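Shown here: target-v1.cif, mmCIF, C-alpha atoms and all ligand atoms.
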data_start
#
loop_
_atom_site.label_atom_id
_atom_site.label_comp_id
_atom_site.auth_asym_id
_atom_site.auth_seq_id
_atom_site.Cartn_x
_atom_site.Cartn_y
_atom_site.Cartn_z
CA MET A 1 87.95 80.62 89.64
CA LYS A 2 84.82 82.10 91.17
CA THR A 3 84.51 85.21 93.33
CA LEU A 4 82.30 84.98 96.41
CA SER A 5 80.28 87.61 98.21
CA LEU A 6 81.26 87.99 101.88
CA ASN A 7 77.98 86.31 102.85
CA GLU A 8 78.79 83.26 100.70
CA TRP A 9 82.30 83.16 102.21
CA GLU A 10 80.77 83.37 105.70
CA ARG A 11 78.42 80.46 104.98
CA LYS A 12 81.36 78.33 103.79
CA TYR A 13 83.70 78.91 106.75
CA ILE A 14 81.85 80.31 109.77
CA THR A 15 79.74 78.11 112.02
CA GLY A 16 79.26 80.18 115.16
CA HIS A 17 80.29 83.09 117.31
CA ILE A 18 83.99 83.89 117.09
CA GLU A 19 85.85 85.23 120.10
CA ARG A 20 88.87 87.34 119.21
CA TYR A 21 91.89 85.05 119.51
CA ASP A 22 93.86 85.32 122.72
CA GLN A 23 97.48 85.58 121.58
CA MET A 24 98.64 84.70 125.12
CA LYS A 25 97.57 81.10 124.37
CA ILE A 26 100.36 80.78 121.80
CA ILE A 27 102.88 82.67 123.91
CA ASN A 28 102.11 80.51 126.97
CA SER A 29 102.13 77.25 125.02
CA ILE A 30 105.59 78.07 123.64
CA ARG A 31 106.76 78.92 127.17
CA GLN A 32 105.42 75.57 128.39
CA ILE A 33 107.36 73.60 125.80
CA LYS A 34 110.58 73.87 127.80
CA SER A 35 112.97 72.79 125.09
CA PHE A 36 111.52 75.22 122.54
CA ASN A 37 114.59 76.14 120.59
CA THR A 38 114.38 75.79 116.86
CA ILE A 39 117.88 77.08 116.09
CA GLY A 40 119.36 73.58 116.02
CA GLU A 41 122.98 72.47 115.97
CA ILE A 42 125.57 72.43 113.21
CA LYS A 43 126.02 68.84 112.08
CA ASP A 44 128.27 66.96 109.74
CA LYS A 45 125.25 66.07 107.61
CA PRO A 46 124.09 67.61 104.30
CA GLY A 47 121.39 70.18 104.92
CA PHE A 48 122.57 70.88 108.50
CA THR A 49 126.15 72.10 107.95
CA LEU A 50 127.48 75.56 108.79
CA ILE A 51 126.86 76.89 105.29
CA ASP A 52 123.24 75.60 105.35
CA GLN A 53 122.69 77.23 108.75
CA ALA A 54 124.25 80.49 107.45
CA LEU A 55 121.72 80.53 104.60
CA ARG A 56 118.88 80.15 107.08
CA ILE A 57 120.06 82.64 109.72
CA GLY A 58 120.75 85.22 107.00
CA ALA A 59 117.12 84.87 105.91
CA TRP A 60 115.93 85.79 109.42
CA ALA A 61 117.97 88.99 109.62
CA GLY A 62 115.36 91.26 108.03
CA VAL A 63 112.69 90.25 110.57
CA TRP A 64 114.42 92.55 113.09
CA LEU A 65 113.18 95.47 111.01
CA ASP A 66 109.68 94.62 112.14
CA PHE A 67 110.66 94.47 115.82
CA LEU A 68 111.70 98.13 115.51
CA ASP A 69 108.32 99.18 114.16
CA THR A 70 106.30 101.31 116.57
CA SER A 71 103.03 101.52 114.60
CA LYS A 72 101.47 98.50 116.37
CA PRO A 73 99.09 99.08 119.29
CA ASN A 74 101.54 97.88 121.99
CA PRO A 75 105.11 98.25 120.72
CA PRO A 76 107.87 97.00 123.04
CA SER A 77 109.58 99.80 124.97
CA GLU A 78 112.90 98.85 123.34
CA SER A 79 111.40 99.61 119.89
CA GLU A 80 110.14 102.97 121.12
CA GLN A 81 113.54 103.85 122.60
CA ILE A 82 115.33 102.98 119.35
CA ALA A 83 112.77 104.98 117.33
CA GLN A 84 113.40 107.95 119.64
CA ILE A 85 117.18 107.72 119.22
CA LEU A 86 116.87 107.48 115.44
CA SER A 87 114.46 110.38 115.24
CA GLY A 88 117.04 112.50 117.07
CA SER A 89 119.62 111.87 114.35
CA ARG A 90 120.02 114.91 112.13
CA SER A 91 120.57 112.96 108.93
CA VAL A 92 117.62 110.52 109.12
CA ARG A 93 115.16 112.60 111.16
CA PRO A 94 113.57 114.48 108.24
CA PHE A 95 112.60 111.17 106.61
CA LEU A 96 111.65 109.24 109.75
CA VAL A 97 109.32 111.83 111.25
CA TYR A 98 108.10 113.40 108.00
CA ARG A 99 104.60 114.81 108.18
CA ALA A 100 103.12 116.52 105.14
CA PRO A 101 102.16 120.17 105.71
CA ASP A 102 98.51 120.60 106.81
CA ASN A 103 97.55 122.27 103.56
CA ALA A 104 98.99 119.43 101.43
CA LYS A 105 96.18 117.10 100.43
CA CYS A 106 96.33 113.90 98.39
CA THR A 107 95.06 114.77 94.92
CA VAL A 108 93.57 111.28 94.44
CA ALA A 109 90.27 110.89 96.30
CA ASP A 110 88.61 108.07 94.36
CA PRO A 111 88.94 104.88 96.52
CA SER A 112 89.06 102.70 93.43
CA ILE A 113 92.02 104.60 91.94
CA LEU A 114 93.68 104.74 95.37
CA SER A 115 93.32 100.97 95.74
CA THR A 116 95.04 100.40 92.39
CA ILE A 117 97.80 102.84 93.35
CA VAL A 118 98.34 101.11 96.71
CA LYS A 119 98.65 97.75 94.93
CA LYS A 120 101.11 99.12 92.37
CA VAL A 121 103.23 100.72 95.10
CA ALA A 122 103.14 97.46 97.09
CA ALA A 123 104.42 95.65 93.99
CA LEU A 124 107.17 98.23 93.51
CA TYR A 125 108.25 97.80 97.14
CA GLY A 126 108.39 94.00 96.77
CA ALA A 127 104.97 92.32 97.15
CA ASP A 128 104.15 89.48 94.76
CA ILE A 129 100.40 89.50 95.48
CA VAL A 130 98.17 92.08 97.18
CA GLY A 131 94.53 92.07 98.28
CA ILE A 132 92.28 94.41 100.24
CA CYS A 133 89.40 93.65 102.63
CA ARG A 134 87.27 95.50 105.13
CA LEU A 135 88.86 94.89 108.53
CA ASP A 136 86.73 92.21 110.16
CA ARG A 137 87.59 92.77 113.83
CA ARG A 138 86.87 89.13 114.71
CA TRP A 139 90.33 88.35 113.32
CA LEU A 140 92.21 90.82 115.54
CA TYR A 141 93.94 89.26 118.54
CA SER A 142 92.35 90.36 121.79
CA PRO A 143 94.57 93.15 123.18
CA ILE A 144 97.34 91.94 125.49
CA PRO A 145 99.60 94.04 127.69
CA ASN A 146 103.13 94.22 126.40
CA SER A 147 105.50 91.90 128.23
CA SER A 148 108.09 94.66 128.58
CA GLN A 149 105.47 97.12 129.98
CA PRO A 150 102.95 94.95 131.87
CA ASP A 151 101.65 97.91 133.89
CA ARG A 152 100.64 99.85 130.78
CA GLU A 153 97.04 99.38 129.67
CA ALA A 154 96.74 97.27 126.53
CA ARG A 155 95.78 99.31 123.48
CA ASP A 156 93.57 98.07 120.68
CA VAL A 157 93.49 98.78 116.95
CA PRO A 158 91.58 102.09 116.56
CA GLU A 159 88.04 101.83 115.17
CA GLU A 160 88.92 104.22 112.31
CA CYS A 161 91.15 101.53 110.77
CA GLN A 162 88.48 99.93 108.64
CA TYR A 163 90.61 98.28 105.95
CA ALA A 164 93.32 95.65 105.78
CA ILE A 165 95.85 95.52 102.96
CA VAL A 166 97.20 91.97 102.75
CA LEU A 167 100.61 91.51 101.15
CA GLY A 168 102.06 88.20 100.02
CA VAL A 169 105.55 87.21 98.90
CA GLU A 170 106.50 84.01 97.12
CA MET A 171 108.81 81.54 98.83
CA ASP A 172 111.58 80.03 96.71
CA TYR A 173 110.28 76.96 94.84
CA GLN A 174 113.60 75.12 94.88
CA LEU A 175 114.43 75.76 98.55
CA VAL A 176 111.27 74.13 99.90
CA LYS A 177 112.10 70.86 98.12
CA TYR A 178 115.11 70.20 100.39
CA TYR A 179 113.08 69.17 103.41
CA PRO A 180 113.52 68.41 106.25
CA THR A 181 116.72 70.42 106.65
CA TYR A 182 117.87 73.96 107.46
CA ILE A 183 117.53 74.67 103.74
CA ASP A 184 113.75 74.39 103.33
CA VAL A 185 113.12 76.31 106.55
CA THR A 186 115.13 79.20 105.09
CA ALA A 187 112.18 80.07 102.83
CA PRO A 188 109.61 81.23 105.47
CA PRO A 189 111.89 83.65 107.40
CA LEU A 190 113.17 85.02 104.11
CA GLY A 191 109.54 85.72 103.23
CA TYR A 192 109.05 87.51 106.56
CA SER A 193 112.26 89.49 106.09
CA ARG A 194 111.06 90.63 102.67
CA LEU A 195 107.64 91.45 104.14
CA ALA A 196 109.18 93.45 107.00
CA PHE A 197 110.84 95.61 104.34
CA THR A 198 107.84 95.84 101.98
CA SER A 199 105.30 96.49 104.76
CA LYS A 200 107.49 99.15 106.34
CA LEU A 201 107.84 101.00 103.06
CA LEU A 202 104.15 100.78 102.17
CA SER A 203 103.19 101.92 105.70
CA ALA A 204 105.46 104.96 105.27
CA PHE A 205 103.81 105.72 101.92
CA ILE A 206 100.34 105.67 103.52
CA THR A 207 101.47 107.74 106.50
CA VAL A 208 102.80 110.48 104.21
CA LEU A 209 99.31 110.66 102.66
CA GLY A 210 98.15 111.69 106.15
CA LYS A 211 96.53 108.32 106.96
CA ARG A 212 97.15 105.71 109.63
CA ALA A 213 99.07 102.54 108.81
CA ILE A 214 99.45 99.84 111.44
CA ASN A 215 102.18 97.62 110.12
CA CYS A 216 101.55 93.98 111.11
CA ALA A 217 104.51 92.55 109.22
CA THR A 218 105.13 89.52 111.42
CA ASN A 219 101.42 89.00 112.13
CA GLN A 220 101.44 89.93 115.82
CA VAL A 221 98.20 91.93 115.66
CA ALA A 222 95.76 89.79 113.71
CA LEU A 223 95.20 86.30 112.27
CA TYR A 224 96.38 86.65 108.70
CA GLN A 225 94.66 83.58 107.19
CA PRO A 226 91.05 84.83 107.27
CA LEU A 227 92.16 88.33 106.24
CA ALA A 228 94.07 86.91 103.25
CA MET A 229 91.00 84.88 102.29
CA GLN A 230 88.60 87.80 102.64
CA ALA A 231 91.03 89.90 100.58
CA GLY A 232 90.64 87.40 97.73
CA LEU A 233 94.14 85.92 97.83
CA GLY A 234 93.31 82.25 98.32
CA GLU A 235 91.48 79.42 100.05
CA ILE A 236 92.55 77.61 103.21
CA GLY A 237 93.79 74.06 102.64
CA ARG A 238 93.82 70.92 104.75
CA ASN A 239 97.29 71.94 105.96
CA GLY A 240 95.88 75.15 107.50
CA VAL A 241 97.79 77.27 104.99
CA VAL A 242 96.20 79.76 102.58
CA ILE A 243 96.60 78.30 99.10
CA THR A 244 96.90 80.92 96.39
CA PRO A 245 96.17 80.49 92.66
CA ARG A 246 99.67 81.64 91.59
CA PHE A 247 102.01 80.12 94.17
CA GLY A 248 99.89 77.54 95.97
CA PRO A 249 100.81 77.38 99.68
CA ARG A 250 104.31 78.78 99.01
CA VAL A 251 103.49 82.32 100.21
CA ARG A 252 104.10 84.35 103.38
CA PHE A 253 101.59 87.07 104.27
CA SER A 254 101.49 90.25 106.27
CA THR A 255 98.88 92.96 106.75
CA ILE A 256 98.68 96.71 107.08
CA LEU A 257 95.61 98.08 108.87
CA THR A 258 94.60 101.53 107.71
CA ASP A 259 91.97 104.26 107.74
CA LEU A 260 92.63 104.99 104.07
CA THR A 261 89.32 104.38 102.27
CA LEU A 262 89.82 101.59 99.75
CA ILE A 263 87.75 99.20 97.65
CA PRO A 264 87.75 95.65 99.08
CA ASP A 265 88.42 92.63 96.86
CA SER A 266 86.10 89.61 96.98
CA PRO A 267 86.96 86.20 98.43
CA ILE A 268 87.70 83.54 95.82
CA GLU A 269 87.12 79.85 95.34
CA PHE A 270 89.09 77.72 92.87
CA GLY A 271 88.44 74.16 93.97
CA VAL A 272 90.89 73.88 96.89
CA THR A 273 88.32 72.70 99.45
CA GLU A 274 87.13 69.90 97.14
CA PHE A 275 90.66 68.92 96.03
CA CYS A 276 91.92 68.77 99.62
CA GLY A 277 88.90 66.58 100.37
CA VAL A 278 90.45 63.77 98.28
CA CYS A 279 94.19 64.60 98.47
CA ARG A 280 95.44 64.20 102.09
CA LYS A 281 99.11 64.28 101.04
CA CYS A 282 100.03 66.78 103.76
CA ALA A 283 98.22 64.71 106.42
CA ASP A 284 100.03 61.53 105.31
CA MET A 285 103.44 63.22 105.33
CA CYS A 286 103.08 65.32 108.50
CA PRO A 287 105.71 63.89 110.89
CA SER A 288 103.67 64.84 113.98
CA HIS A 289 100.27 63.67 112.66
CA SER A 290 98.87 67.12 113.37
CA ILE A 291 96.81 67.36 110.17
CA PRO A 292 93.45 65.54 110.13
CA ARG A 293 92.64 62.99 107.40
CA GLY A 294 88.86 63.31 107.76
CA GLU A 295 86.35 65.98 106.86
CA ARG A 296 86.41 69.69 107.72
CA SER A 297 85.11 70.33 111.21
CA SER A 298 84.25 73.19 113.50
CA GLU A 299 85.46 71.21 116.52
CA PRO A 300 88.84 72.68 117.67
CA ALA A 301 91.71 70.14 117.57
CA GLY A 302 93.22 71.54 120.76
CA GLU A 303 93.55 74.50 123.11
CA LEU A 304 95.25 76.62 120.47
CA ASN A 305 92.41 76.48 117.95
CA ASN A 306 89.62 79.01 117.91
CA LYS A 307 85.95 78.06 117.82
CA GLY A 308 83.39 79.07 115.22
CA THR A 309 85.14 78.26 111.92
CA LEU A 310 84.70 75.33 109.57
CA LYS A 311 88.05 74.03 108.30
CA TRP A 312 90.52 71.20 108.73
CA GLN A 313 91.59 71.75 112.32
CA VAL A 314 95.38 71.39 112.44
CA ASN A 315 96.67 70.61 115.91
CA THR A 316 99.11 73.50 116.36
CA GLU A 317 100.24 72.22 119.74
CA THR A 318 101.52 68.83 118.52
CA CYS A 319 103.07 70.57 115.52
CA ARG A 320 105.04 72.96 117.76
CA ILE A 321 106.07 70.15 120.11
CA TYR A 322 107.53 68.38 117.07
CA TRP A 323 109.46 71.57 116.19
CA ALA A 324 110.75 71.81 119.75
CA LYS A 325 111.83 68.17 119.89
CA ASN A 326 113.72 68.48 116.62
CA ASN A 327 115.18 71.94 117.30
CA ARG A 328 113.98 73.01 113.89
CA ASP A 329 110.82 74.38 112.39
CA CYS A 330 109.10 72.41 109.64
CA GLY A 331 107.54 73.10 106.27
CA THR A 332 106.75 69.59 105.06
CA CYS A 333 103.03 70.33 104.64
CA ILE A 334 103.94 73.12 102.20
CA SER A 335 106.64 71.19 100.36
CA VAL A 336 104.48 68.16 99.54
CA CYS A 337 101.32 70.02 98.48
CA PRO A 338 100.32 69.46 94.83
CA TYR A 339 99.41 73.17 94.55
CA ASN A 340 103.08 73.94 95.16
CA LYS A 341 104.20 74.23 91.53
CA VAL A 342 105.77 76.80 89.27
CA SER A 343 103.35 78.49 86.91
CA THR A 344 103.92 76.63 83.60
CA TRP A 345 101.10 76.14 81.09
CA GLN A 346 100.92 72.43 82.00
CA HIS A 347 100.44 73.19 85.68
CA ARG A 348 98.00 76.00 84.96
CA THR A 349 95.96 73.58 82.85
CA VAL A 350 95.86 70.99 85.65
CA GLN A 351 94.89 73.72 88.11
CA TRP A 352 92.10 74.83 85.79
CA LEU A 353 90.88 71.23 85.62
CA THR A 354 90.98 70.82 89.41
CA ASP A 355 88.72 73.86 89.53
CA HIS A 356 86.31 72.70 86.83
CA ALA A 357 86.39 68.89 86.68
CA ARG A 358 85.74 67.53 90.15
CA TRP A 359 85.73 63.92 88.93
CA ALA A 360 89.42 64.22 88.00
CA ASP A 361 90.71 65.21 91.46
CA ARG A 362 91.71 61.66 92.48
CA PHE A 363 93.42 61.13 89.14
CA PHE A 364 95.51 64.29 89.61
CA VAL A 365 96.56 63.25 93.11
CA LYS A 366 97.74 59.90 91.66
CA MET A 367 99.59 61.63 88.82
CA ASP A 368 101.25 64.02 91.28
CA ASN A 369 102.63 61.04 93.19
CA LEU A 370 103.57 59.20 90.00
CA PHE A 371 105.62 62.15 88.72
CA GLY A 372 107.37 62.30 92.08
CA TYR A 373 106.21 65.79 93.00
CA GLY A 374 106.57 66.59 96.68
CA LYS A 375 109.43 64.13 97.24
CA PRO A 376 112.37 65.57 99.18
CA ARG A 377 115.51 66.38 97.21
CA LYS A 378 118.92 65.27 98.47
CA ALA A 379 120.58 68.08 100.43
CA VAL A 380 124.02 66.70 99.55
CA ASN A 381 123.62 68.15 96.03
CA PHE A 382 121.99 71.43 97.06
CA TRP A 383 124.83 73.91 96.61
CA GLU A 384 125.68 72.54 93.14
CA GLU A 385 122.18 72.24 91.67
CA TRP A 386 120.25 75.08 93.31
CA GLU A 387 119.20 78.05 91.15
CA PRO A 388 117.36 80.70 93.17
CA ASN A 389 114.05 82.16 92.01
CA GLN A 390 114.09 85.78 90.99
CA PRO A 391 111.53 87.15 93.44
CA GLY A 392 109.37 89.92 92.15
CA ARG A 393 109.53 89.06 88.46
CA ASN A 394 106.51 89.08 86.23
CA LYS A 395 104.07 90.92 88.45
CA HIS A 396 100.51 91.46 87.35
CA ILE A 397 98.67 91.98 90.56
CA TRP A 398 96.36 94.90 89.96
S1 LIG A 401 104.64 72.18 109.99
FE1 LIG A 401 105.33 70.03 109.89
S2 LIG A 401 104.68 69.17 111.86
FE2 LIG A 401 103.52 71.07 111.59
S3 LIG A 401 101.60 70.49 110.58
FE3 LIG A 401 103.03 71.01 108.92
S4 LIG A 401 104.00 69.06 108.38
FE4 LIG A 401 103.02 68.77 110.37
S1 LIG A 402 98.68 68.50 100.31
FE1 LIG A 402 96.71 68.01 99.39
S2 LIG A 402 95.29 67.97 101.13
FE2 LIG A 402 97.12 69.01 101.82
S3 LIG A 402 96.72 71.19 101.48
FE3 LIG A 402 97.78 70.44 99.65
S4 LIG A 402 96.14 69.85 98.24
FE4 LIG A 402 95.23 70.04 100.27
#
As a first step, turn the structure in this file into structure tokens.
Amino acid sequence: MKTLSLNEWERKYITGHIERYDQMKIINSIRQIKSFNTIGEIKDKPGFTLIDQALRIGAWAGVWLDFLDTSKPNPPSESEQIAQILSGSRSVRPFLVYRAPDNAKCTVADPSILSTIVKKVAALYGADIVGICRLDRRWLYSPIPNSSQPDREARDVPEECQYAIVLGVEMDYQLVKYYPTYIDVTAPPLGYSRLAFTSKLLSAFITVLGKRAINCATNQVALYQPLAMQAGLGEIGRNGVVITPRFGPRVRFSTILTDLTLIPDSPIEFGVTEFCGVCRKCADMCPSHSIPRGERSSEPAGELNNKGTLKWQVNTETCRIYWAKNNRDCGTCISVCPYNKVSTWQHRTVQWLTDHARWADRFFVKMDNLFGYGKPRKAVNFWEEWEPNQPGRNKHIW
């Protein structure tokens, strides 16, 4: 693995001026897809039964935590009302509205030590990987008025917030193999539920230090992919997902924007761009043909893509239409990816070789297929054979 300076990273991925992404494009496109309902029905079919749906809906439940967060620039009025009610409660008020006394100062001033502390605390609160970058404001969504308060002027992220802390949590390795069912699509919302919890706790920690923390747990404030890359957590793959050295594409991310002065990490490179150049497994398996088979390009694949970046341009619109038609989200491009492995010495060796021996990339793609990696498992056996991961074990992230 090689670390890159920000200039080297810029040369690899940026081809022109980048407008801040207009989040209304996504909101409007979802509104336009009239049948957009990914809840799906209960069926008499393995992977879609009541117990499979219960597993999936349970995984979503923690995401509500994020909807109650009022640290974002334009929180919904409902969130603000709930925060007000809670802060009036005698038992929780002292913790919810805690402000350190003016004369209490954080005894740690060194940004390098603070960065290590922030990463350790993030790990304690549940993150599996953590990175830090300077906040590059090109990745913030352009400010939009809140739908529940359209007459209120849209607020932006304050200029003082100069850093982004990017948190990642691993998705269960076994769950994602049971695609395409309700079982594999349990893994992403479970990641977001865990992130809603972890981000909320870490934001509270930073706030008590007297600093700002804008908690972007469900990524409604900024594009997380470039921030995760600039924070040194991975490289973007053909499937449009950030591929990490430890968990491959099997990670969910969130960010906290802060004015705490920290030391940024460097972007990394470990052969993903070159390996994706010969692999194409996600493109071949994508049911909506939304992933290109050709070279990286800076030509947007559709209305929902932003200009100015060099990458494989996944057509988000056709992908979402597929979700809508099937009343279910989809994670096939994560499940089939050869980087989606558990960290055994054999897999670490192959990963090292894909980073250092370019000539072997085609061979490893063939071997991946030969060993049957990325093939769906039969949902009919799921409840008997499934052993959940133990999230949060074996952390060495600072
Ligand atoms: S989520 Fe599914 S439909 Fe969308 S790009 Fe990935 S594989 Fe294709
Ligand atoms: S499946 Fe292959 S081409 Fe697609 S992201 Fe993974 S390594 Fe890259």
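Distance-wise, CA of Asp66 (chain A) and CA of Ala217 (chain A) end up 6.3 Å apart.
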Please return the centre and edge lengths, in Å to one decimal, of a box with edges along x, y and z that contains all listed atoms of ligand LIG 401 (chain A), widened by 6 Å on every side, as AutoDock Vina command-line options.
--center_x 103.5 --center_y 70.5 --center_z 110.1 --size_x 15.7 --size_y 15.4 --size_z 15.5
task: Set the cut-off to 8 Å, count only C-alpha atoms and all ligand atoms, and list whatever residues fall near ligand LIG 402 (chain A) as a PyMOL selection string.
output: chain A and resi 236-241+243+249+272-273+275-283+333-334+336-340+365
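Of the listed residues A:Phe253, A:Phe247, A:Phe363, A:Trp323, the one whose atoms come nearest to ligand LIG 401 (chain A) is A:Trp323, with distances taken using only C-alpha atoms and all ligand atoms.
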field: For Asp184 (chain A), the nearest of the candidates A:Cys161, A:Leu4, A:Cys330, A:Leu310, counting all atoms listed in the file
entry: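 With all atoms listed in the file as the atom set, the closest residue is A:Cys330.
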task: Grab the CA of Gly131 (chain A) to CA of Leu233 (chain A) distance for me, in Å with one decimal place.
output: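 These atoms are spaced 6.2 Å apart.
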